[in-house]
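Asker: Pasting input28.pdb below, which is PDB, C-alpha atoms.
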```pdb
MODEL        1
ATOM      1  CA  MET A   1       4.176  23.740  19.952
ATOM      2  CA  ASP A   2       1.124  22.831  21.982
ATOM      3  CA  GLU A   3      -0.994  20.481  19.904
ATOM      4  CA  LEU A   4      -4.144  21.380  21.798
ATOM      5  CA  MET A   5      -3.995  25.078  21.069
ATOM      6  CA  LEU A   6      -6.791  26.662  19.017
ATOM      7  CA  ASP A   7      -7.612  30.205  17.858
ATOM      8  CA  GLY A   8     -10.204  32.701  19.042
ATOM      9  CA  ASN A   9     -12.401  31.472  16.217
ATOM     10  CA  ALA A  10     -12.964  28.266  18.180
ATOM     11  CA  VAL A  11     -14.987  30.166  20.810
ATOM     12  CA  ALA A  12     -16.762  32.491  18.360
ATOM     13  CA  GLY A  13     -20.080  30.690  18.782
ATOM     14  CA  LEU A  14     -19.866  30.626  22.577
ATOM     15  CA  LEU A  15     -18.933  34.321  22.780
ATOM     16  CA  GLN A  16     -21.724  35.297  20.395
ATOM     17  CA  GLU A  17     -24.114  33.276  22.543
ATOM     18  CA  VAL A  18     -23.093  35.352  25.578
ATOM     19  CA  PHE A  19     -22.626  38.811  24.059
ATOM     20  CA  ALA A  20     -25.154  38.578  21.189
ATOM     21  CA  ALA A  21     -22.503  40.074  18.909
ATOM     22  CA  GLU A  22     -19.757  38.831  16.613
ATOM     23  CA  MET A  23     -16.757  38.930  18.965
ATOM     24  CA  THR A  24     -13.790  37.604  16.931
ATOM     25  CA  THR A  25     -13.315  41.015  15.326
ATOM     26  CA  ALA A  26     -13.584  42.798  18.708
ATOM     27  CA  VAL A  27     -10.216  44.217  19.755
ATOM     28  CA  GLY A  28      -8.937  43.336  23.208
ATOM     29  CA  THR A  29      -6.007  44.850  25.093
ATOM     30  CA  CYS A  30      -3.892  42.554  27.245
ATOM     31  CA  ALA A  31      -3.774  43.703  30.882
ATOM     32  CA  SER A  32      -0.234  42.363  31.175
ATOM     33  CA  CYS A  33       1.682  43.461  28.040
ATOM     34  CA  SER A  34      -0.775  46.058  26.652
ATOM     35  CA  ALA A  35      -0.744  44.471  23.190
ATOM     36  CA  ALA A  36      -4.035  45.037  21.373
ATOM     37  CA  GLY A  37      -5.457  42.629  18.833
ATOM     38  CA  PRO A  38      -8.589  40.905  17.570
ATOM     39  CA  VAL A  39     -10.174  38.194  19.707
ATOM     40  CA  GLY A  40      -9.914  35.890  16.679
ATOM     41  CA  ALA A  41      -6.126  35.926  17.036
ATOM     42  CA  VAL A  42      -5.911  34.927  20.714
ATOM     43  CA  HIS A  43      -4.749  31.468  21.735
ATOM     44  CA  VAL A  44      -7.462  29.159  23.051
ATOM     45  CA  TYR A  45      -7.036  26.062  25.206
ATOM     46  CA  ARG A  46      -9.994  23.798  25.848
ATOM     47  CA  GLY A  47     -10.124  21.523  28.888
ATOM     48  CA  ALA A  48     -12.674  21.350  31.687
ATOM     49  CA  GLY A  49     -13.048  25.050  30.931
ATOM     50  CA  ILE A  50     -11.730  27.334  28.220
ATOM     51  CA  VAL A  51      -8.641  29.511  28.657
ATOM     52  CA  LEU A  52      -7.846  32.462  26.357
ATOM     53  CA  ARG A  53      -4.196  33.557  26.302
ATOM     54  CA  CYS A  54      -2.438  36.574  24.825
ATOM     55  CA  PRO A  55      -0.607  35.593  21.591
ATOM     56  CA  HIS A  56       2.197  38.023  22.486
ATOM     57  CA  CYS A  57       2.991  37.363  26.172
ATOM     58  CA  ASP A  58       0.928  34.239  27.005
ATOM     59  CA  ASN A  59      -0.893  36.060  29.819
ATOM     60  CA  VAL A  60      -4.257  34.506  30.683
ATOM     61  CA  LEU A  61      -6.800  36.912  29.202
ATOM     62  CA  ALA A  62      -9.939  35.093  30.216
ATOM     63  CA  LYS A  63     -11.299  31.841  31.601
ATOM     64  CA  ILE A  64     -14.712  30.569  30.564
ATOM     65  CA  VAL A  65     -16.712  27.747  32.107
ATOM     66  CA  LYS A  66     -20.013  26.699  30.612
ATOM     67  CA  SER A  67     -22.734  24.524  32.095
ATOM     68  CA  ASP A  68     -26.178  23.722  30.726
ATOM     69  CA  SER A  69     -27.739  26.705  32.442
ATOM     70  CA  ARG A  70     -25.047  29.397  32.632
ATOM     71  CA  VAL A  71     -21.677  30.665  31.466
ATOM     72  CA  TRP A  72     -19.034  31.937  33.942
ATOM     73  CA  ILE A  73     -16.364  34.319  32.612
ATOM     74  CA  ASP A  74     -13.257  35.631  34.391
ATOM     75  CA  SER A  75     -11.858  38.398  32.176
ATOM     76  CA  THR A  76      -9.269  39.815  34.609
ATOM     77  CA  GLY A  77      -6.532  39.601  31.979
ATOM     78  CA  ILE A  78      -8.294  41.879  29.493
ATOM     79  CA  ARG A  79      -7.916  45.604  30.171
ATOM     80  CA  THR A  80     -10.317  46.805  27.489
ATOM     81  CA  LEU A  81     -12.526  45.244  24.854
ATOM     82  CA  GLU A  82     -13.654  47.272  21.870
ATOM     83  CA  VAL A  83     -16.699  45.983  19.991
ATOM     84  CA  SER A  84     -18.041  47.442  16.741
ATOM     85  CA  ALA A  85     -21.424  48.983  17.345
TER
ATOM     86  CA  MET B  86     -17.999  46.356   6.329
ATOM     87  CA  ALA B  87     -21.214  47.024   4.477
ATOM     88  CA  GLY B  88     -23.924  44.472   4.961
ATOM     89  CA  THR B  89     -22.216  42.924   7.955
ATOM     90  CA  ALA B  90     -24.563  42.120  10.795
ATOM     91  CA  VAL B  91     -22.409  42.743  13.844
ATOM     92  CA  LEU B  92     -25.049  42.546  16.494
ATOM     93  CA  GLY B  93     -27.060  39.419  16.493
ATOM     94  CA  ARG B  94     -28.251  36.608  18.657
ATOM     95  CA  LEU B  95     -27.349  33.133  17.632
ATOM     96  CA  ASN B  96     -30.272  30.754  17.387
ATOM     97  CA  TRP B  97     -30.361  27.047  16.692
ATOM     98  CA  GLN B  98     -32.118  26.318  13.422
ATOM     99  CA  ILE B  99     -33.364  23.154  11.765
ATOM    100  CA  ALA B 100     -31.457  22.289   8.598
ATOM    101  CA  ASP B 101     -32.684  19.791   6.001
ATOM    102  CA  VAL B 102     -30.174  17.500   4.322
ATOM    103  CA  VAL B 103     -30.602  17.884   0.565
ATOM    104  CA  GLU B 104     -27.497  16.282  -0.934
ATOM    105  CA  LEU B 105     -24.483  14.150   0.008
ATOM    106  CA  ILE B 106     -21.339  14.204  -2.100
ATOM    107  CA  THR B 107     -18.442  11.781  -1.592
ATOM    108  CA  GLU B 108     -15.244  13.833  -1.902
ATOM    109  CA  THR B 109     -12.639  11.244  -0.818
ATOM    110  CA  PRO B 110     -12.913   7.862   0.949
ATOM    111  CA  ARG B 111     -12.985   9.698   4.312
ATOM    112  CA  VAL B 112     -14.610  13.013   3.387
ATOM    113  CA  LYS B 113     -18.157  13.934   2.429
ATOM    114  CA  THR B 114     -19.863  17.190   1.605
ATOM    115  CA  ILE B 115     -23.311  17.508   3.124
ATOM    116  CA  ALA B 116     -25.512  20.195   1.619
ATOM    117  CA  PHE B 117     -28.336  21.549   3.750
ATOM    118  CA  ASP B 118     -31.290  23.755   3.065
ATOM    119  CA  VAL B 119     -31.614  26.156   6.000
ATOM    120  CA  PRO B 120     -34.953  28.008   5.821
ATOM    121  CA  GLY B 121     -34.417  31.721   6.431
ATOM    122  CA  TRP B 122     -30.639  31.526   5.965
ATOM    123  CA  ALA B 123     -29.525  35.145   5.472
ATOM    124  CA  GLY B 124     -26.249  34.330   3.747
ATOM    125  CA  HIS B 125     -22.669  34.035   4.972
ATOM    126  CA  ARG B 126     -19.120  35.147   4.203
ATOM    127  CA  ALA B 127     -16.222  32.959   3.072
ATOM    128  CA  GLY B 128     -14.345  31.598   6.082
ATOM    129  CA  GLN B 129     -17.286  31.546   8.482
ATOM    130  CA  HIS B 130     -18.438  28.386  10.224
ATOM    131  CA  VAL B 131     -21.528  26.878  11.803
ATOM    132  CA  ASP B 132     -22.001  24.957  15.029
ATOM    133  CA  VAL B 133     -23.758  21.621  14.604
ATOM    134  CA  ARG B 134     -25.591  20.015  17.530
ATOM    135  CA  LEU B 135     -26.717  16.416  17.813
ATOM    136  CA  THR B 136     -29.107  15.317  20.554
ATOM    137  CA  ALA B 137     -29.438  11.682  21.633
ATOM    138  CA  GLU B 138     -32.744  10.174  22.782
ATOM    139  CA  ASP B 139     -31.651  10.471  26.410
ATOM    140  CA  GLY B 140     -30.984  14.193  25.961
ATOM    141  CA  TYR B 141     -27.187  13.945  25.699
ATOM    142  CA  GLN B 142     -25.865  16.605  23.314
ATOM    143  CA  ALA B 143     -22.667  16.817  21.295
ATOM    144  CA  GLN B 144     -21.625  19.975  19.468
ATOM    145  CA  ARG B 145     -18.961  20.633  16.826
ATOM    146  CA  SER B 146     -17.928  23.508  14.568
ATOM    147  CA  TYR B 147     -17.625  23.038  10.805
ATOM    148  CA  SER B 148     -16.473  25.509   8.186
ATOM    149  CA  ILE B 149     -18.926  26.472   5.475
ATOM    150  CA  ALA B 150     -17.619  25.185   2.139
ATOM    151  CA  ASN B 151     -19.826  26.974  -0.387
ATOM    152  CA  ALA B 152     -20.171  30.524  -1.626
ATOM    153  CA  VAL B 153     -23.463  32.199  -0.786
ATOM    154  CA  ASP B 154     -26.233  30.370  -2.642
ATOM    155  CA  GLY B 155     -29.659  31.251  -1.279
ATOM    156  CA  THR B 156     -30.552  29.054   1.684
ATOM    157  CA  ARG B 157     -28.037  26.331   0.785
ATOM    158  CA  VAL B 158     -25.226  25.646   3.263
ATOM    159  CA  ALA B 159     -22.599  23.035   2.374
ATOM    160  CA  LEU B 160     -20.280  21.494   4.965
ATOM    161  CA  THR B 161     -17.347  19.279   3.968
ATOM    162  CA  ILE B 162     -16.660  16.882   6.813
ATOM    163  CA  GLN B 163     -13.850  14.429   7.417
ATOM    164  CA  ARG B 164     -14.814  11.204   9.161
ATOM    165  CA  LEU B 165     -12.774  10.662  12.317
ATOM    166  CA  GLU B 166     -12.718   6.963  13.241
ATOM    167  CA  ASP B 167     -13.109   7.580  16.983
ATOM    168  CA  GLY B 168     -15.205  10.716  16.524
ATOM    169  CA  GLU B 169     -18.470  11.278  18.345
ATOM    170  CA  VAL B 170     -20.140  13.414  15.681
ATOM    171  CA  SER B 171     -18.417  13.082  12.297
ATOM    172  CA  PRO B 172     -19.158   9.342  11.696
ATOM    173  CA  TYR B 173     -22.858  10.055  12.226
ATOM    174  CA  LEU B 174     -22.808  13.021   9.853
ATOM    175  CA  THR B 175     -20.828  11.283   7.102
ATOM    176  CA  ASP B 176     -22.308   7.759   7.347
ATOM    177  CA  GLU B 177     -25.831   8.003   8.707
ATOM    178  CA  LEU B 178     -27.371  11.168   7.262
ATOM    179  CA  ARG B 179     -29.617  10.843   4.214
ATOM    180  CA  PRO B 180     -31.456  13.432   2.134
ATOM    181  CA  GLY B 181     -34.566  14.465   4.032
ATOM    182  CA  ASP B 182     -32.945  14.086   7.467
ATOM    183  CA  LYS B 183     -32.829  17.090   9.766
ATOM    184  CA  ILE B 184     -30.138  18.344  12.117
ATOM    185  CA  GLU B 185     -29.708  21.437  14.294
ATOM    186  CA  LEU B 186     -27.184  24.127  13.406
ATOM    187  CA  ARG B 187     -26.502  27.775  14.203
ATOM    188  CA  GLY B 188     -24.591  30.413  12.300
ATOM    189  CA  PRO B 189     -22.980  31.877  10.372
ATOM    190  CA  ILE B 190     -20.308  32.382  13.036
ATOM    191  CA  GLY B 191     -17.036  34.345  12.961
ATOM    192  CA  GLY B 192     -15.813  37.522  11.326
ATOM    193  CA  TYR B 193     -12.050  37.404  11.792
ATOM    194  CA  PHE B 194     -11.090  34.471   9.561
ATOM    195  CA  VAL B 195     -13.101  35.879   6.668
ATOM    196  CA  TRP B 196     -12.304  37.141   3.195
ATOM    197  CA  GLU B 197     -14.483  39.055   0.761
ATOM    198  CA  PRO B 198     -13.541  40.140  -2.774
ATOM    199  CA  SER B 199     -13.664  43.787  -1.643
ATOM    200  CA  ASP B 200     -10.841  43.029   0.848
ATOM    201  CA  GLY B 201      -8.505  42.553  -2.115
ATOM    202  CA  GLY B 202      -5.190  40.733  -2.201
ATOM    203  CA  PRO B 203      -2.878  39.281  -3.133
ATOM    204  CA  LEU B 204      -4.336  36.342  -1.289
ATOM    205  CA  MET B 205      -2.139  33.490  -0.066
ATOM    206  CA  LEU B 206      -4.015  30.454   1.207
ATOM    207  CA  VAL B 207      -2.232  27.580   2.945
ATOM    208  CA  ALA B 208      -4.275  24.448   3.656
ATOM    209  CA  GLY B 209      -3.399  21.334   5.633
ATOM    210  CA  GLY B 210      -5.753  18.386   4.968
ATOM    211  CA  SER B 211      -9.394  19.302   5.509
ATOM    212  CA  GLY B 212      -8.216  22.811   6.382
ATOM    213  CA  ILE B 213      -8.906  23.417   2.706
ATOM    214  CA  VAL B 214     -12.634  23.852   3.428
ATOM    215  CA  PRO B 215     -12.882  27.532   4.515
ATOM    216  CA  LEU B 216     -10.202  28.440   1.960
ATOM    217  CA  MET B 217     -12.260  26.728  -0.750
ATOM    218  CA  ALA B 218     -15.198  28.921   0.287
ATOM    219  CA  MET B 219     -12.938  31.930  -0.446
ATOM    220  CA  ILE B 220     -11.928  30.507  -3.844
ATOM    221  CA  ARG B 221     -15.574  29.757  -4.679
ATOM    222  CA  THR B 222     -16.717  33.192  -3.524
ATOM    223  CA  ARG B 223     -14.027  34.776  -5.678
ATOM    224  CA  ALA B 224     -15.160  32.731  -8.691
ATOM    225  CA  THR B 225     -18.854  33.401  -8.116
ATOM    226  CA  ALA B 226     -18.189  37.137  -7.906
ATOM    227  CA  GLY B 227     -16.113  37.049 -11.116
ATOM    228  CA  ASP B 228     -13.262  38.490  -9.050
ATOM    229  CA  ASN B 229      -9.676  38.299 -10.337
ATOM    230  CA  THR B 230      -7.784  38.982  -7.092
ATOM    231  CA  GLU B 231      -4.377  37.312  -7.364
ATOM    232  CA  THR B 232      -4.794  34.158  -5.275
ATOM    233  CA  ARG B 233      -2.342  31.398  -4.569
ATOM    234  CA  LEU B 234      -3.209  28.186  -2.783
ATOM    235  CA  LEU B 235      -0.654  25.840  -1.266
ATOM    236  CA  TYR B 236      -2.459  22.634  -0.352
ATOM    237  CA  SER B 237      -0.791  19.929   1.727
ATOM    238  CA  ALA B 238      -2.278  16.441   1.993
ATOM    239  CA  ARG B 239      -0.950  12.982   2.809
ATOM    240  CA  SER B 240      -1.642  11.436  -0.585
ATOM    241  CA  GLN B 241      -3.381  12.183  -3.849
ATOM    242  CA  ASP B 242      -6.468  10.275  -2.668
ATOM    243  CA  ASP B 243      -6.730  12.656   0.286
ATOM    244  CA  LEU B 244      -6.967  15.786  -1.882
ATOM    245  CA  ILE B 245     -10.451  17.270  -1.617
ATOM    246  CA  TYR B 246     -11.959  19.335  -4.484
ATOM    247  CA  ARG B 247      -9.064  18.453  -6.824
ATOM    248  CA  ASP B 248     -11.073  18.542 -10.073
ATOM    249  CA  GLU B 249     -12.771  21.790  -9.142
ATOM    250  CA  LEU B 250      -9.458  23.413  -8.232
ATOM    251  CA  GLU B 251      -7.999  22.395 -11.600
ATOM    252  CA  HIS B 252     -11.076  23.785 -13.303
ATOM    253  CA  LYS B 253     -10.952  27.087 -11.399
ATOM    254  CA  SER B 254      -7.209  27.645 -11.922
ATOM    255  CA  GLY B 255      -6.345  30.599 -14.134
ATOM    256  CA  ASN B 256      -7.872  34.081 -13.892
ATOM    257  CA  GLY B 257      -5.300  34.882 -11.231
ATOM    258  CA  LEU B 258      -5.638  31.635  -9.275
ATOM    259  CA  THR B 259      -2.657  29.303  -9.024
ATOM    260  CA  VAL B 260      -2.592  26.073  -7.019
ATOM    261  CA  ALA B 261       0.466  24.224  -5.710
ATOM    262  CA  TYR B 262       0.234  20.839  -4.006
ATOM    263  CA  THR B 263       2.450  18.953  -1.639
ATOM    264  CA  LEU B 264       1.860  15.278  -0.837
ATOM    265  CA  THR B 265       3.678  14.400   2.355
ATOM    266  CA  ASP B 266       3.322  10.631   2.701
ATOM    267  CA  SER B 267       2.981   9.131  -0.776
ATOM    268  CA  GLN B 268       3.058  10.415  -4.318
ATOM    269  CA  PRO B 269       1.665   8.826  -7.483
ATOM    270  CA  PRO B 270       4.095   7.938 -10.321
ATOM    271  CA  GLY B 271       5.062  11.022 -12.303
ATOM    272  CA  TRP B 272       4.057  13.437  -9.495
ATOM    273  CA  THR B 273       5.413  16.904 -10.253
ATOM    274  CA  GLY B 274       4.260  18.747  -7.131
ATOM    275  CA  TYR B 275       6.069  19.013  -3.810
ATOM    276  CA  ALA B 276       6.639  15.875  -1.755
ATOM    277  CA  ARG B 277       7.437  17.074   1.762
ATOM    278  CA  ARG B 278       5.955  18.976   4.667
ATOM    279  CA  VAL B 279       5.431  22.698   4.137
ATOM    280  CA  ASP B 280       8.628  24.548   5.058
ATOM    281  CA  PRO B 281       9.979  28.113   4.718
ATOM    282  CA  LYS B 282      11.680  27.318   1.392
ATOM    283  CA  MET B 283       8.407  26.078  -0.108
ATOM    284  CA  LEU B 284       6.491  29.093   1.179
ATOM    285  CA  ALA B 285       9.153  31.431  -0.212
ATOM    286  CA  GLU B 286       8.728  29.774  -3.628
ATOM    287  CA  VAL B 287       4.937  29.766  -3.657
ATOM    288  CA  ALA B 288       3.866  32.878  -1.733
ATOM    289  CA  PRO B 289       4.061  36.488  -2.898
ATOM    290  CA  GLY B 290       6.946  38.331  -1.222
ATOM    291  CA  PRO B 291       6.374  40.494   1.875
ATOM    292  CA  ALA B 292       6.737  43.639  -0.285
ATOM    293  CA  GLU B 293       3.450  42.736  -2.005
ATOM    294  CA  GLN B 294       1.719  42.729   1.402
ATOM    295  CA  PRO B 295      -0.222  39.526   0.872
ATOM    296  CA  ARG B 296      -3.175  38.537   3.061
ATOM    297  CA  PHE B 297      -2.528  35.085   4.490
ATOM    298  CA  PHE B 298      -5.112  32.579   5.597
ATOM    299  CA  THR B 299      -3.940  29.226   6.887
ATOM    300  CA  CYS B 300      -6.146  26.439   8.188
ATOM    301  CA  GLY B 301      -5.357  22.901   9.279
ATOM    302  CA  PRO B 302      -4.247  20.815  12.257
ATOM    303  CA  THR B 303      -2.665  22.858  15.074
ATOM    304  CA  PRO B 304       0.980  21.820  14.447
ATOM    305  CA  PHE B 305       0.610  22.519  10.706
ATOM    306  CA  VAL B 306      -0.820  26.012  11.194
ATOM    307  CA  GLY B 307       1.781  26.849  13.831
ATOM    308  CA  ALA B 308       4.623  25.828  11.525
ATOM    309  CA  VAL B 309       3.185  27.793   8.594
ATOM    310  CA  ALA B 310       2.622  30.966  10.630
ATOM    311  CA  GLU B 311       6.111  30.781  12.134
ATOM    312  CA  ALA B 312       7.707  30.285   8.717
ATOM    313  CA  LEU B 313       5.766  33.199   7.188
ATOM    314  CA  VAL B 314       6.911  35.547   9.962
ATOM    315  CA  ARG B 315      10.481  34.347   9.501
ATOM    316  CA  LEU B 316      10.181  35.194   5.791
ATOM    317  CA  GLY B 317       9.476  38.797   6.760
ATOM    318  CA  ASN B 318       5.676  38.932   6.770
ATOM    319  CA  GLU B 319       3.798  40.790   9.495
ATOM    320  CA  ALA B 320       2.114  38.533  12.044
ATOM    321  CA  ARG B 321      -1.102  40.535  11.821
ATOM    322  CA  ALA B 322      -1.356  39.779   8.083
ATOM    323  CA  ILE B 323      -1.511  36.054   8.883
ATOM    324  CA  LYS B 324      -4.927  34.774   9.925
ATOM    325  CA  THR B 325      -4.953  31.302  11.391
ATOM    326  CA  GLU B 326      -7.606  28.696  12.045
ATOM    327  CA  ARG B 327      -6.397  25.662  13.961
ATOM    328  CA  PHE B 328      -8.688  22.700  14.340
ATOM    329  CA  GLY B 329      -6.755  20.775  16.978
ATOM    330  CA  PRO B 330      -4.650  17.636  16.750
ATOM    331  CA  THR B 331      -7.330  15.479  15.123
ATOM    332  CA  GLY B 332      -9.701  17.874  13.462
ATOM    333  CA  GLY B 333     -12.271  18.471  16.210
TER
ENDMDL
END
```
Taking this structure as input, can you express it in the form of structure tokens?

Answerer:
Amino acid sequence: MDELMLDGNAVAGLLQEVFAAEMTTAVGTCASCSAAGPVGAVHVYRGAGIVLRCPHCDNVLAKIVKSDSRVWIDSTGIRTLEVSA
Amino acid sequence: MAGTAVLGRLNWQIADVVELITETPRVKTIAFDVPGWAGHRAGQHVDVRLTAEDGYQAQRSYSIANAVDGTRVALTIQRLEDGEVSPYLTDELRPGDKIELRGPIGGYFVWEPSDGGPLMLVAGGSGIVPLMAMIRTRATAGDNTETRLLYSARSQDDLIYRDELEHKSGNGLTVAYTLTDSQPPGWTGYARRVDPKMLAEVAPGPAEQPRFFTCGPTPFVGAVAEALVRLGNEARAIKTERFGPTGG
């Protein structure tokens, strides 16, 4: 058990800041294992940046780095993201 | 869900401190008036931002503790001795002070009476806060959804909202406690860490398809979720909110 692990909820504010939408209920599909699930259920690790991992296969879904003036997102590990319109 | 604003920018707002309530020696509830607050759902949180005179900013997330009540937003905050934000919020704020917050945030770790049950809530320490918002929302709505709370704390003095939970019990709400470090004389609740046997005794069986919400320190939530899956519950029925090793 990694004591530093958090849930997708921990980046809800940051994601809403970027996408201007509630993102924890958005459904993402893992590019590695194809499991689909809500962003709120992903595993989140916070260090110098933020890493989102698949709760099923541990694949890195996304990496997020935030500075005062911009947010950088690498979402290579997410095949699709479905957001309620 | 009806009435749910999905699209929406998140803006920092000024919140006025209106009331401070001492819950335990280390925990306070701070009630704010947030002009223009459009309401929230049980389980959502806000981000709080403090700015020092030199421009340095510190930001934390706190669960909303109250049911919707006009423009009132209540946060129940545990003071962390080496914390950067919580000692200021719990020790320095006075009615009339202003802070910056934004929200409500989140839609995954949320329950509304129309979602139904049975509801099984498992709280570790101050992880009770978003679950209490669900219990309060249920009570405010006059909802009788079968709800069980298993609340783990170190000692009786660390239990938050104890009187209110006693008062709200009944009408389909049952509360079980476990005190892990010390128990008062005559204690009849559990006296150990939450384990599969305890969850099997307290929670509805998998056949009843309960909705689980568990919130607390990361190791606590991980152990609860693992035990619930081992008892035969579906992982997707278990919503988790971890707040890190110390509480963020």

Asker: With the file shown as input, list the residues that the PyMOL selection byres ((chain A and resi 81-85) around 7) selects, as a ChimeraX atom specification.

Answerer: /A:26-29,80

Asker: Would you mind listing, as a ChimeraX atom specification, all residues of chain A that have at least one atom within 12 Å of chain B, where only C-alpha atoms are what counts?

Answerer: /A:1-27,36-46,55-56,68,83-85

Asker: Rounded to one decimal in Å, what is the spacing between atom CA of His252 of chain B and atom CA of Ala224 of chain B?

Answerer: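 Atom CA of Ala224 of chain B lies 10.9 Å from atom CA of His252 of chain B.
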
Asker: Please measure the separation of atom CA of Thr136 of chain B and atom CA of Trp97 of chain B, giving the value in Å to one decimal.

Answerer: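 The value is 12.4 Å.
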
Asker: Which is closest to Ser32 of chain A among A:Val65, A:Ile50, A:Val71, A:Ile78, if we use all atoms listed in the file?

Answerer: A:Ile78

Asker: For segment 272-288 of chain B, list every protein, DNA or RNA residue within 6 Å, evaluated using all atoms listed in the file, and leave out those in the same chain fewer than 4 positions away; present the list as a ChimeraX atom specification.

Answerer: /B:262-265,312

Asker: Report the distance between atom CA of Trp196 of chain B and atom CA of Glu311 of chain B in Å, rounded to one decimal place.

Answerer: 21.4 Å

Asker: Please write as a list in words the full residue list that the PyMOL selection byres ((chain A and resi 59) around 10) yields on this file.

Answerer: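 Going through the file, the PyMOL selection byres ((chain A and resi 59) around 10) ends up selecting Cys30, Ala31, Ser32, Cys33, Leu52, Arg53, Cys54, Pro55, His56, Cys57, Asp58, Val60, Leu61, Ala62, Gly77 and Ile78 of chain A.
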
Asker: Quick one: residues within 10 Å of (-17.8, 29.6, -1.9) (file frame), counting all atoms listed in the file, please, as a count of residues only.

Answerer: 25

Asker: Calculate, to one decimal in Å, the centre and edge lengths of the box along x, y and z of the file that holds all listed atoms of segment 32-39 of chain A with 3 Å of margin on each side, and present them as JSON.

Answerer:
```
{"center_x": -4.2, "center_y": 42.1, "center_z": 24.4, "size_x": 17.9, "size_y": 13.9, "size_z": 19.6}
```

Asker: Mind checking which residues fall within 12 Å of Glu177 of chain B, counting only C-alpha atoms, ignoring those fewer than 4 positions away in the same chain, and posting them as an NGL selection string?

Answerer: :B and (102 or 105 or 113 or 115 or 164 or 170-173 or 181-184)

Asker: Find the spatial neighbours of Glu108 of chain B, counting only C-alpha atoms, within a cut-off of 8 Å - ignore same-chain residues fewer than 4 positions away - and output them as a PyMOL selection string.

Answerer: chain B and resi 112-114+245-246

Asker: Please rebuild segment 289-301 of chain B with N, CA and C atoms and return the result as a compact mmCIF listing (two decimals), keeping the file's coordinate frame.

Answerer:
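Ended up saving to out_5.txt:
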```
# COMPACT_ATOMS: atom_id res chain seq x y z
N PRO B 289 3.56 35.17 -2.50
CA PRO B 289 4.06 36.49 -2.90
C PRO B 289 5.02 37.00 -1.81
N GLY B 290 5.99 37.80 -2.19
CA GLY B 290 6.95 38.33 -1.22
C GLY B 290 6.31 39.33 -0.28
N PRO B 291 6.93 39.55 0.89
CA PRO B 291 6.37 40.49 1.88
C PRO B 291 6.12 41.89 1.30
N ALA B 292 6.91 42.30 0.30
CA ALA B 292 6.74 43.64 -0.28
C ALA B 292 5.37 43.80 -0.94
N GLU B 293 4.78 42.69 -1.37
CA GLU B 293 3.45 42.74 -2.00
C GLU B 293 2.32 42.77 -0.98
N GLN B 294 2.68 42.69 0.29
CA GLN B 294 1.72 42.73 1.40
C GLN B 294 0.54 41.77 1.22
N PRO B 295 0.87 40.48 1.06
CA PRO B 295 -0.22 39.53 0.87
C PRO B 295 -1.07 39.35 2.14
N ARG B 296 -2.31 38.92 1.94
CA ARG B 296 -3.18 38.54 3.06
C ARG B 296 -3.10 37.03 3.15
N PHE B 297 -2.70 36.53 4.31
CA PHE B 297 -2.53 35.08 4.49
C PHE B 297 -3.69 34.51 5.28
N PHE B 298 -4.16 33.37 4.82
CA PHE B 298 -5.11 32.58 5.60
C PHE B 298 -4.58 31.16 5.62
N THR B 299 -4.40 30.61 6.82
CA THR B 299 -3.94 29.23 6.89
C THR B 299 -4.84 28.44 7.84
N CYS B 300 -5.23 27.26 7.40
CA CYS B 300 -6.15 26.44 8.19
C CYS B 300 -5.71 24.98 8.11
N GLY B 301 -5.74 24.31 9.24
CA GLY B 301 -5.36 22.90 9.28
C GLY B 301 -5.15 22.46 10.71
```
